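Asker: You'll find model21.txt just under this line, and it carries compact mmCIF, C-alpha atoms and all ligand atoms.
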# COMPACT_ATOMS: atom_id res chain seq x y z
CA MET A 1129 113.23 -64.94 235.66
CA ILE A 1130 116.76 -63.60 235.77
CA ALA A 1131 119.45 -66.26 235.74
CA THR A 1132 123.22 -66.08 235.69
CA GLN A 1133 125.42 -69.13 235.36
CA HIS A 1134 129.13 -69.14 236.21
CA VAL A 1135 129.46 -65.48 235.32
CA THR A 1136 132.99 -64.17 235.44
CA MET A 1137 134.15 -60.68 234.58
CA GLN A 1138 137.79 -59.79 234.10
CA LEU A 1139 139.05 -56.36 233.23
CA GLU A 1140 142.44 -54.88 232.70
CA ALA A 1141 143.53 -52.30 235.24
CA GLY A 1142 147.06 -50.92 235.38
CA GLY A 1143 148.40 -53.55 232.98
CA GLU A 1144 147.00 -56.38 235.09
CA MET A 1145 143.94 -58.55 234.61
CA VAL A 1146 141.60 -58.15 237.55
CA ARG A 1147 138.78 -60.57 238.27
CA ILE A 1148 135.83 -58.38 239.23
CA LEU A 1149 133.19 -61.13 239.25
CA ASP A 1150 134.07 -64.72 239.93
CA ASP A 1151 131.70 -67.59 239.15
CA VAL A 1152 128.42 -65.87 239.99
CA THR A 1153 125.45 -68.21 239.63
CA LEU A 1154 122.00 -67.13 240.75
CA GLU A 1155 118.33 -67.25 239.85
CA ILE A 1156 115.84 -64.53 240.60
CA PRO A 1157 112.19 -65.50 240.06
CA ASP A 1158 109.69 -63.07 238.57
CA LYS A 1159 108.46 -60.31 240.88
CA GLN A 1160 110.97 -61.07 243.62
CA THR A 1161 112.52 -58.11 245.46
CA VAL A 1162 116.26 -58.52 245.97
CA ALA A 1163 118.83 -56.37 247.73
CA ILE A 1164 122.45 -56.68 246.65
CA VAL A 1165 124.82 -55.56 249.38
CA GLY A 1166 128.56 -55.73 249.92
CA PRO A 1167 131.63 -53.55 250.36
CA SER A 1168 132.47 -50.84 247.88
CA GLY A 1169 134.37 -52.31 244.93
CA SER A 1170 133.00 -55.82 245.44
CA GLY A 1171 131.37 -55.95 241.98
CA LYS A 1172 127.75 -54.99 242.65
CA SER A 1173 127.46 -52.39 239.88
CA THR A 1174 129.30 -54.64 237.48
CA LEU A 1175 126.80 -57.43 238.12
CA LEU A 1176 123.83 -55.11 237.63
CA GLY A 1177 125.33 -53.78 234.39
CA LEU A 1178 125.80 -57.32 233.08
CA ILE A 1179 122.19 -58.23 233.89
CA ALA A 1180 121.11 -55.11 231.97
CA GLY A 1181 123.25 -56.18 229.01
CA LEU A 1182 125.24 -52.95 229.23
CA ASP A 1183 128.37 -55.08 229.23
CA ARG A 1184 129.27 -58.67 228.40
CA PRO A 1185 130.78 -61.14 230.86
CA THR A 1186 134.21 -62.61 230.16
CA SER A 1187 132.61 -66.02 230.57
CA GLY A 1188 129.32 -67.49 231.73
CA ARG A 1189 125.75 -66.97 230.64
CA ILE A 1190 122.93 -64.63 231.58
CA TRP A 1191 119.26 -65.28 230.79
CA LEU A 1192 116.40 -62.82 230.98
CA ASN A 1193 113.06 -64.60 230.69
CA GLY A 1194 114.67 -67.49 228.86
CA VAL A 1195 116.71 -65.38 226.42
CA ASP A 1196 120.47 -65.80 226.66
CA ILE A 1197 121.55 -62.16 226.41
CA THR A 1198 125.25 -63.04 226.17
CA THR A 1199 124.63 -64.16 222.57
CA LEU A 1200 122.50 -61.18 221.48
CA GLY A 1201 123.76 -58.60 219.02
CA GLU A 1202 123.75 -54.95 220.01
CA LYS A 1203 120.48 -54.08 218.26
CA ALA A 1204 118.59 -57.03 219.68
CA MET A 1205 119.98 -56.25 223.13
CA ALA A 1206 118.88 -52.62 222.85
CA ARG A 1207 115.37 -53.74 221.87
CA LEU A 1208 115.17 -56.21 224.72
CA ARG A 1209 116.49 -53.62 227.18
CA LEU A 1210 113.90 -51.06 226.09
CA ALA A 1211 111.05 -53.53 226.46
CA SER A 1212 112.18 -55.37 229.57
CA ILE A 1213 114.50 -53.34 231.78
CA GLY A 1214 114.19 -50.17 233.80
CA TYR A 1215 117.43 -48.83 235.28
CA ILE A 1216 117.86 -46.28 238.04
CA PHE A 1217 121.30 -44.82 238.77
CA GLN A 1218 122.65 -43.27 241.94
CA SER A 1219 123.36 -40.01 240.10
CA PHE A 1220 120.02 -39.84 238.25
CA HIS A 1221 121.48 -39.65 234.68
CA LEU A 1222 118.75 -37.46 233.24
CA ILE A 1223 119.47 -35.79 229.92
CA PRO A 1224 120.29 -32.19 230.93
CA THR A 1225 119.03 -30.54 227.73
CA LEU A 1226 115.57 -32.11 227.98
CA THR A 1227 112.70 -31.21 230.29
CA ALA A 1228 111.34 -33.65 232.86
CA LEU A 1229 108.49 -34.49 230.48
CA GLU A 1230 110.86 -35.09 227.57
CA ASN A 1231 113.16 -37.27 229.70
CA VAL A 1232 110.23 -39.53 230.60
CA SER A 1233 108.83 -39.45 227.03
CA ILE A 1234 111.99 -40.81 225.41
CA PRO A 1235 111.63 -44.52 226.22
CA LEU A 1236 107.94 -44.34 225.29
CA GLU A 1237 108.75 -42.72 221.95
CA LEU A 1238 111.45 -45.28 221.27
CA ALA A 1239 108.92 -48.02 222.04
CA GLY A 1240 106.56 -46.50 219.47
CA ASP A 1241 103.95 -45.17 221.90
CA THR A 1242 101.90 -42.64 219.93
CA ARG A 1243 100.72 -40.92 223.11
CA SER A 1244 104.16 -40.71 224.69
CA ARG A 1245 103.91 -37.11 225.95
CA GLU A 1246 100.50 -37.66 227.48
CA ARG A 1247 101.67 -40.89 229.15
CA ALA A 1248 104.85 -39.16 230.39
CA GLY A 1249 102.69 -36.42 231.88
CA ASP A 1250 100.57 -39.02 233.69
CA LEU A 1251 103.71 -40.72 235.02
CA LEU A 1252 105.13 -37.44 236.32
CA GLU A 1253 101.78 -36.78 237.97
CA ALA A 1254 101.98 -40.22 239.59
CA VAL A 1255 105.41 -39.47 241.09
CA GLY A 1256 104.15 -36.14 242.42
CA LEU A 1257 105.81 -33.93 239.81
CA GLY A 1258 102.83 -32.78 237.78
CA HIS A 1259 103.92 -29.20 238.54
CA ARG A 1260 107.47 -29.76 237.26
CA VAL A 1261 106.93 -31.15 233.74
CA SER A 1262 108.62 -28.24 231.95
CA HIS A 1263 111.57 -28.01 234.31
CA TYR A 1264 115.06 -28.99 233.22
CA PRO A 1265 117.08 -31.32 235.47
CA VAL A 1266 119.26 -28.46 236.73
CA GLN A 1267 116.09 -26.73 237.96
CA LEU A 1268 115.08 -29.75 240.05
CA SER A 1269 116.29 -30.91 243.47
CA GLY A 1270 118.11 -34.24 243.77
CA GLY A 1271 114.97 -35.94 245.07
CA GLU A 1272 112.90 -34.51 242.22
CA GLN A 1273 115.47 -35.60 239.64
CA GLN A 1274 115.43 -39.12 241.05
CA ARG A 1275 111.62 -39.17 240.93
CA VAL A 1276 111.82 -38.22 237.23
CA ALA A 1277 114.35 -41.03 236.79
CA VAL A 1278 111.95 -43.44 238.54
CA ALA A 1279 109.10 -42.36 236.24
CA ARG A 1280 111.38 -42.86 233.23
CA ALA A 1281 112.53 -46.30 234.44
CA PHE A 1282 108.94 -47.49 234.85
CA ALA A 1283 107.58 -45.78 231.71
CA CYS A 1284 107.43 -48.90 229.57
CA ARG A 1285 106.20 -51.01 232.53
CA PRO A 1286 109.32 -53.19 232.47
CA PRO A 1287 109.24 -56.71 233.92
CA ILE A 1288 112.69 -56.03 235.45
CA LEU A 1289 113.78 -52.99 237.41
CA LEU A 1290 117.44 -52.56 238.34
CA ALA A 1291 118.42 -49.82 240.78
CA ASP A 1292 122.04 -49.04 241.66
CA GLU A 1293 122.13 -47.24 245.02
CA PRO A 1294 119.12 -45.11 244.06
CA THR A 1295 119.17 -43.30 247.40
CA GLY A 1296 122.95 -42.89 247.61
CA ASN A 1297 122.90 -39.20 246.69
CA LEU A 1298 119.79 -38.29 248.69
CA ASP A 1299 119.17 -37.37 252.32
CA SER A 1300 117.41 -40.08 254.29
CA ALA A 1301 113.89 -38.60 254.23
CA THR A 1302 114.05 -37.98 250.46
CA GLY A 1303 115.60 -41.41 249.96
CA ARG A 1304 112.68 -43.02 251.77
CA GLN A 1305 110.19 -41.23 249.53
CA VAL A 1306 112.03 -42.48 246.45
CA ILE A 1307 112.07 -46.07 247.80
CA GLU A 1308 108.38 -45.93 248.64
CA LEU A 1309 107.72 -44.75 245.10
CA ILE A 1310 109.83 -47.55 243.62
CA MET A 1311 108.00 -50.11 245.79
CA ALA A 1312 104.57 -48.75 244.83
CA LEU A 1313 105.43 -48.95 241.12
CA HIS A 1314 106.98 -52.40 241.64
CA ARG A 1315 103.65 -53.59 243.11
CA ASP A 1316 101.59 -51.84 240.43
CA VAL A 1317 103.59 -53.06 237.44
CA GLY A 1318 104.59 -56.43 238.98
CA THR A 1319 108.26 -55.99 238.15
CA THR A 1320 111.17 -57.97 239.53
CA LEU A 1321 113.26 -55.58 241.60
CA VAL A 1322 117.02 -55.83 242.08
CA LEU A 1323 118.36 -53.04 244.22
CA VAL A 1324 121.96 -52.36 245.19
CA THR A 1325 122.21 -50.58 248.52
CA HIS A 1326 124.58 -49.77 251.37
CA ASP A 1327 121.66 -49.33 253.73
CA PRO A 1328 121.08 -52.47 255.86
CA GLN A 1329 117.69 -51.17 257.01
CA LEU A 1330 116.59 -50.86 253.41
CA ALA A 1331 118.11 -54.21 252.41
CA VAL A 1332 115.99 -56.18 254.89
CA THR A 1333 112.80 -54.70 253.46
CA MET A 1334 113.46 -56.80 250.34
CA GLU A 1335 112.44 -60.47 250.19
CA ARG A 1336 116.02 -61.59 249.64
CA VAL A 1337 119.47 -60.23 250.43
CA ILE A 1338 122.50 -61.28 248.38
CA THR A 1339 125.91 -60.27 249.72
CA ILE A 1340 128.77 -59.91 247.24
CA ARG A 1341 132.35 -59.96 248.46
CA ASP A 1342 135.40 -59.86 246.19
CA GLY A 1343 133.25 -60.64 243.18
CA ARG A 1344 131.66 -63.75 244.68
CA ILE A 1345 128.33 -64.45 246.32
CA ALA A 1346 129.22 -64.54 250.02
CA SER A 1347 125.67 -65.14 251.22
CA ASP A 1348 122.19 -65.36 249.78
CA GLN A 1349 119.33 -65.25 252.26
CA LEU A 1350 115.60 -64.93 252.20
CA THR A 1351 114.32 -62.41 254.72
CA ASP A 1352 110.90 -62.80 256.27
CA GLY A 1353 109.88 -59.80 254.11
CA PRO A 1354 108.64 -58.11 252.08
CA HIS A 1355 108.37 -55.34 254.62
CA ASN A 1356 107.35 -51.82 254.57
CA LEU A 1357 110.29 -49.49 255.05
CA SER A 1358 108.21 -47.44 257.47
CA ASP A 1359 107.45 -50.59 259.54
CA SER A 1360 111.13 -51.44 259.86
CA LEU A 1361 111.92 -47.93 261.06
CA SER A 1362 109.17 -47.70 263.60
N1 LIG B 1 135.97 -50.46 233.55
C1 LIG B 1 136.71 -50.93 234.57
N2 LIG B 1 138.02 -51.19 234.40
C2 LIG B 1 138.77 -51.68 235.42
N3 LIG B 1 138.31 -51.92 236.64
C3 LIG B 1 137.01 -51.67 236.89
C4 LIG B 1 136.14 -51.17 235.88
N4 LIG B 1 134.90 -51.02 236.39
C5 LIG B 1 135.00 -51.43 237.67
N5 LIG B 1 136.25 -51.81 237.97
C6 LIG B 1 136.73 -52.34 239.26
O1 LIG B 1 135.93 -53.47 239.55
C7 LIG B 1 135.67 -53.56 240.94
C8 LIG B 1 134.18 -53.66 241.17
O2 LIG B 1 133.56 -52.45 240.76
P1 LIG B 1 132.01 -52.17 240.97
O3 LIG B 1 131.23 -53.24 240.30
O4 LIG B 1 131.76 -50.77 240.54
O5 LIG B 1 131.87 -52.32 242.56
P2 LIG B 1 130.71 -51.86 243.55
O6 LIG B 1 129.56 -51.41 242.74
O7 LIG B 1 130.44 -53.06 244.39
O8 LIG B 1 131.28 -50.75 244.38
C9 LIG B 1 136.31 -52.35 241.56
O9 LIG B 1 137.54 -52.73 242.10
C10 LIG B 1 136.48 -51.40 240.41
O10 LIG B 1 137.58 -50.55 240.63
MG MG B 2 128.64 -49.58 242.63
Written as structure tokens, that's how I'd like the structure from this file.
Answerer:
Amino acid sequence: MIATQHVTMQLEAGGEMVRILDDVTLEIPDKQTVAIVGPSGSGKSTLLGLIAGLDRPTSGRIWLNGVDITTLGEKAMARLRLASIGYIFQSFHLIPTLTALENVSIPLELAGDTRSRERAGDLLEAVGLGHRVSHYPVQLSGGEQQRVAVARAFACRPPILLADEPTGNLDSATGRQVIELIMALHRDVGTTLVLVTHDPQLAVTMERVITIRDGRIASDQLTDGPHNLSDSLS
């Protein structure tokens, strides 16, 4: 379960304090699929970053599976993040000096997996990139880089997967493949999925759609999903 309670985030911009998130309270049960939508600048990425413990809220609390992460030290947070959270960025964020295999191996190595390279190879095979293990990010297309990023995010079989506009830099056909891959791994691993998207067609394939406006939850609705993306397009 992910829970936030009265989460507020204020940052200084141009000498002024700006309230980016304002009293955000929500609960996301295990294994739920959630779309977060809303205008650009409404605070979606900020919220996702707070849930991942990449940043701390100005006030309020955030729990991941009963642990209040707003009180954790940096080391404990890093450990929890490694074990519990997969994160997928719009712009892939692979390490450019490492091969696809090495990029996927890293979280496994950090988690102490003694067969990290073999497991990373299996994961790349599973995302259809068995023939690209020795390629560097610059040698891969955008869709291929995002599939490596998906393999990396799921490597430690995290209970929580956060994806910030994972298809934002991809053409629609490639984006669909990446979503289908994320959904397949979500079902396989049983992870909770929180996905920020601008794509209304994609949003309604999730079980729940939360709309953020000006840093506040403007609406929070269950869909009659989960749906298959291909069903909603046909
Ligand atoms: N580090 C920061 N310092 C100041 N303002 C920021 C910072 N990060 C984000 N913002 C501002 O916070 C608002 C919300 O940003 P963000 O969460 O990235 O929105 P979204 O992902 O919904 O587009 C925006 O107005 C953005 O300019
Ligand atoms: Mg954003």
Asker: Need to verify the contact set: Gly1270 in chain A, 10 Å, only C-alpha atoms, exclusion of same-chain residues closer than 4 positions in sequence. Can you return it as JSON, numbers by chain?
Answerer: {"A": [1219, 1220, 1265, 1266, 1274, 1275, 1276, 1295, 1297, 1298, 1299, 1302, 1303]}
Asker: Collect all residues with atoms no farther than 7 Å from ligand MG 2 (chain B), counting only C-alpha atoms and all ligand atoms, and output them as a ChimeraX atom specification.
Answerer: /A:1168-1169,1171-1173,1292
Asker: Of the residues A:Leu1252, A:Val1278, A:Phe1217, A:Glu1140, which is the one nearest to ligand LIG 1 (chain B), using all atoms listed in the file?
Answerer: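 For ligand LIG 1 (chain B), the nearest of the candidates is A:Glu1140.
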Asker: For ligand LIG 1 (chain B), which residue among A:Ala1291, A:Val1195, A:Ile1340, A:Leu1321 is the nearest when counting all atoms listed in the file?
Answerer: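 The answer is A:Ile1340, which sits nearest to ligand LIG 1 (chain B).
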Asker: Nearest to Val1306 in chain A among A:Asp1150, A:Glu1272, A:Asp1196, A:Glu1335, with distances taken over all atoms listed in the file: which residue is it?
Answerer: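 Smallest distance to Val1306 in chain A is found for A:Glu1272.
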Asker: If we count all atoms listed in the file and set the cut-off at 7 Å, which residues sit around Pro1157 in chain A, ignoring sequence neighbours fewer than 2 positions away in its own chain? Please answer as a PyMOL selection string.
Answerer: chain A and resi 1129-1130+1155+1159-1160
Asker: Please determine, counting all atoms listed in the file, which residue among A:Pro1167, A:Gly1258, A:Gly1194, A:Gly1177 has the shortest atom-to-atom distance to Ile1213 in chain A.
Answerer: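 Closest residue, counting all atoms listed in the file: A:Gly1177.
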Asker: Can I get the residues of chain A within 10 Å of ligand LIG 1 (chain B), each with the closest pair of atoms and their distance in Å to one decimal, using only C-alpha atoms and all ligand atoms, sorted chain first then ascending number, as CSV?
Answerer:
residue,atom,partner,partner_atom,distance
A:Met1137,CA,B:LIG1,O1,8.9
A:Gln1138,CA,B:LIG1,C2,8.3
A:Leu1139,CA,B:LIG1,C2,5.2
A:Glu1140,CA,B:LIG1,C2,5.6
A:Ala1141,CA,B:LIG1,C2,4.8
A:Gly1142,CA,B:LIG1,C2,8.3
A:Glu1144,CA,B:LIG1,C2,9.5
A:Met1145,CA,B:LIG1,C2,8.6
A:Val1146,CA,B:LIG1,N3,7.1
A:Arg1147,CA,B:LIG1,O1,7.8
A:Ile1148,CA,B:LIG1,O1,4.9
A:Leu1149,CA,B:LIG1,C8,7.8
A:Ile1164,CA,B:LIG1,O7,9.1
A:Val1165,CA,B:LIG1,O7,7.9
A:Gly1166,CA,B:LIG1,O7,6.4
A:Pro1167,CA,B:LIG1,O7,6.1
A:Ser1168,CA,B:LIG1,O8,3.7
A:Gly1169,CA,B:LIG1,O5,3.4
A:Ser1170,CA,B:LIG1,O7,3.9
A:Gly1171,CA,B:LIG1,O3,3.2
A:Lys1172,CA,B:LIG1,O7,3.7
A:Ser1173,CA,B:LIG1,O6,3.7
A:Thr1174,CA,B:LIG1,O3,3.7
A:Leu1175,CA,B:LIG1,O3,6.5
A:Leu1176,CA,B:LIG1,O3,8.1
A:Gly1177,CA,B:LIG1,O3,8.4
A:Leu1178,CA,B:LIG1,O3,9.9
A:Asp1183,CA,B:LIG1,N1,9.9
A:Asp1292,CA,B:LIG1,O6,8.0
A:Glu1293,CA,B:LIG1,O6,8.8
A:Val1324,CA,B:LIG1,O6,8.0
A:Thr1325,CA,B:LIG1,O6,9.4
A:His1326,CA,B:LIG1,O7,9.7
A:Ile1340,CA,B:LIG1,O7,7.6
A:Arg1341,CA,B:LIG1,O7,8.2
A:Asp1342,CA,B:LIG1,C8,8.1
A:Gly1343,CA,B:LIG1,C8,7.3
Asker: Between A:Val1322, A:Leu1268, A:Ile1223, A:Leu1238, single out the one closest to Ile1179 in chain A, counting all atoms listed in the file.
Answerer: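 Looking only at the distances to Ile1179 in chain A, the closest residue turns out to be A:Val1322.
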Asker: Which polymer residues, protein or nucleic acid, are no farther than 8 Å from (126.9, -70.1, 238.4), counting all atoms listed in the file, as an MDAnalysis selection string?
Answerer: chainID A and resid 1132:1135 1151:1154 1188
Asker: For a quick check of understanding, using only C-alpha atoms, which of A:Thr1225, A:Thr1339, A:Thr1136, A:Thr1320 has the smallest distance to Asn1193 in chain A?
Answerer: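 Looking only at the distances to Asn1193 in chain A, the closest residue turns out to be A:Thr1320.
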Asker: What does the distance between CA of Arg1344 in chain A and CA of Ile1310 in chain A come to in Å, to one decimal place?
Answerer: 27.2 Å
Asker: Between CA of Leu1229 in chain A and CA of Gly1256 in chain A, measure the distance and give it in Å to one decimal.
Answerer: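 These atoms are spaced 12.8 Å apart.
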Asker: Which distance in Å separates CA of Ser1233 in chain A and CA of Ile1197 in chain A, to one decimal?
Answerer: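 Result for CA of Ser1233 in chain A versus CA of Ile1197 in chain A: 26.0 Å, one decimal.
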Asker: Can I get the residues of range 1283-1352 of chain A within 12 Å of range 1239-1245 of chain A, each with the closest pair of atoms and their distance in Å to one decimal, using only C-alpha atoms, sorted chain first then ascending number, as a Markdown table?
Answerer:
| residue | atom | partner | partner_atom | distance |
| --- | --- | --- | --- | --- |
| A:Ala1283 | CA | A:Ser1244 | CA | 9.3 |
| A:Cys1284 | CA | A:Ala1239 | CA | 7.7 |
| A:Arg1285 | CA | A:Ala1239 | CA | 11.2 |
| A:Pro1286 | CA | A:Ala1239 | CA | 11.6 |
Asker: Could you write those residues out with C-alpha atoms, as a CSV table (one decimal), in the coordinates of the input?
Answerer:
chain,number,residue,atom,x,y,z
A,1283,ALA,CA,107.6,-45.8,231.7
A,1284,CYS,CA,107.4,-48.9,229.6
A,1285,ARG,CA,106.2,-51.0,232.5
A,1286,PRO,CA,109.3,-53.2,232.5
Asker: Kindly provide, as a PyMOL selection string, the polymer residues lying within 9 Å of (104.8, -33.4, 236.5), counting only C-alpha atoms and using the coordinates exactly as they appear in the file.
Answerer: chain A and resi 1228-1229+1248-1263+1276
Asker: Env of Arg1336 in chain A: 10 Å cut, atoms = all atoms listed in the file, seq-sep filter 3 positions within chain, self excluded. Answer as a count of residues only.
Answerer: 18
Asker: Reconstruct N, CA, C and O atoms of range 1315-1336 of chain A from the incomplete input and present them as an mmCIF file, keeping the file's coordinate frame.
Answerer:
data_model
loop_
_atom_site.group_PDB
_atom_site.id
_atom_site.type_symbol
_atom_site.label_atom_id
_atom_site.label_comp_id
_atom_site.auth_asym_id
_atom_site.auth_seq_id
_atom_site.Cartn_x
_atom_site.Cartn_y
_atom_site.Cartn_z
ATOM 1 N N ARG A 1315 104.897 -52.840 242.844
ATOM 2 C CA ARG A 1315 103.650 -53.590 243.110
ATOM 3 C C ARG A 1315 102.653 -53.396 241.974
ATOM 4 O O ARG A 1315 101.997 -54.338 241.530
ATOM 5 N N ASP A 1316 102.559 -52.168 241.482
ATOM 6 C CA ASP A 1316 101.590 -51.840 240.430
ATOM 7 C C ASP A 1316 101.918 -52.562 239.123
ATOM 8 O O ASP A 1316 101.053 -53.171 238.489
ATOM 9 N N VAL A 1317 103.190 -52.506 238.726
ATOM 10 C CA VAL A 1317 103.590 -53.060 237.440
ATOM 11 C C VAL A 1317 103.896 -54.568 237.572
ATOM 12 O O VAL A 1317 103.823 -55.316 236.604
ATOM 13 N N GLY A 1318 104.233 -55.021 238.783
ATOM 14 C CA GLY A 1318 104.590 -56.430 238.980
ATOM 15 C C GLY A 1318 105.997 -56.729 238.511
ATOM 16 O O GLY A 1318 106.283 -57.823 238.015
ATOM 17 N N THR A 1319 106.900 -55.767 238.642
ATOM 18 C CA THR A 1319 108.260 -55.990 238.150
ATOM 19 C C THR A 1319 109.110 -56.734 239.182
ATOM 20 O O THR A 1319 108.862 -56.661 240.385
ATOM 21 N N THR A 1320 110.090 -57.446 238.692
ATOM 22 C CA THR A 1320 111.170 -57.970 239.530
ATOM 23 C C THR A 1320 112.041 -56.781 239.904
ATOM 24 O O THR A 1320 112.293 -55.917 239.069
ATOM 25 N N LEU A 1321 112.487 -56.734 241.160
ATOM 26 C CA LEU A 1321 113.260 -55.580 241.600
ATOM 27 C C LEU A 1321 114.603 -56.022 242.168
ATOM 28 O O LEU A 1321 114.645 -56.801 243.116
ATOM 29 N N VAL A 1322 115.686 -55.547 241.559
ATOM 30 C CA VAL A 1322 117.020 -55.830 242.080
ATOM 31 C C VAL A 1322 117.663 -54.499 242.436
ATOM 32 O O VAL A 1322 117.861 -53.642 241.573
ATOM 33 N N LEU A 1323 117.941 -54.335 243.721
ATOM 34 C CA LEU A 1323 118.360 -53.040 244.220
ATOM 35 C C LEU A 1323 119.683 -53.144 244.978
ATOM 36 O O LEU A 1323 119.803 -53.910 245.931
ATOM 37 N N VAL A 1324 120.682 -52.414 244.487
ATOM 38 C CA VAL A 1324 121.960 -52.360 245.190
ATOM 39 C C VAL A 1324 121.876 -51.274 246.246
ATOM 40 O O VAL A 1324 121.411 -50.164 245.970
ATOM 41 N N THR A 1325 122.273 -51.595 247.467
ATOM 42 C CA THR A 1325 122.210 -50.580 248.520
ATOM 43 C C THR A 1325 123.279 -50.795 249.575
ATOM 44 O O THR A 1325 123.737 -51.913 249.806
ATOM 45 N N HIS A 1326 123.679 -49.710 250.214
ATOM 46 C CA HIS A 1326 124.580 -49.770 251.370
ATOM 47 C C HIS A 1326 123.799 -49.755 252.668
ATOM 48 O O HIS A 1326 124.373 -49.847 253.736
ATOM 49 N N ASP A 1327 122.490 -49.590 252.558
ATOM 50 C CA ASP A 1327 121.660 -49.330 253.730
ATOM 51 C C ASP A 1327 121.055 -50.644 254.246
ATOM 52 O O ASP A 1327 120.141 -51.187 253.637
ATOM 53 N N PRO A 1328 121.566 -51.176 255.366
ATOM 54 C CA PRO A 1328 121.080 -52.470 255.860
ATOM 55 C C PRO A 1328 119.591 -52.441 256.199
ATOM 56 O O PRO A 1328 118.887 -53.443 256.005
ATOM 57 N N GLN A 1329 119.109 -51.284 256.675
ATOM 58 C CA GLN A 1329 117.690 -51.170 257.010
ATOM 59 C C GLN A 1329 116.820 -51.313 255.775
ATOM 60 O O GLN A 1329 115.752 -51.911 255.806
ATOM 61 N N LEU A 1330 117.316 -50.745 254.669
ATOM 62 C CA LEU A 1330 116.590 -50.860 253.410
ATOM 63 C C LEU A 1330 116.697 -52.283 252.860
ATOM 64 O O LEU A 1330 115.708 -52.864 252.400
ATOM 65 N N ALA A 1331 117.892 -52.867 252.967
ATOM 66 C CA ALA A 1331 118.110 -54.210 252.410
ATOM 67 C C ALA A 1331 117.116 -55.214 252.975
ATOM 68 O O ALA A 1331 116.544 -56.021 252.235
ATOM 69 N N VAL A 1332 116.863 -55.169 254.282
ATOM 70 C CA VAL A 1332 115.990 -56.180 254.890
ATOM 71 C C VAL A 1332 114.509 -55.947 254.585
ATOM 72 O O VAL A 1332 113.679 -56.764 254.973
ATOM 73 N N THR A 1333 114.189 -54.855 253.896
ATOM 74 C CA THR A 1333 112.800 -54.700 253.460
ATOM 75 C C THR A 1333 112.542 -55.467 252.156
ATOM 76 O O THR A 1333 111.409 -55.594 251.716
ATOM 77 N N MET A 1334 113.619 -55.981 251.539
ATOM 78 C CA MET A 1334 113.460 -56.800 250.340
ATOM 79 C C MET A 1334 113.219 -58.257 250.770
ATOM 80 O O MET A 1334 113.525 -58.643 251.889
ATOM 81 N N GLU A 1335 112.719 -59.074 249.846
ATOM 82 C CA GLU A 1335 112.440 -60.470 250.190
ATOM 83 C C GLU A 1335 113.708 -61.310 250.316
ATOM 84 O O GLU A 1335 113.701 -62.377 250.917
ATOM 85 N N ARG A 1336 114.796 -60.792 249.721
ATOM 86 C CA ARG A 1336 116.020 -61.590 249.640
ATOM 87 C C ARG A 1336 117.208 -60.648 249.675
ATOM 88 O O ARG A 1336 117.157 -59.576 249.060
#
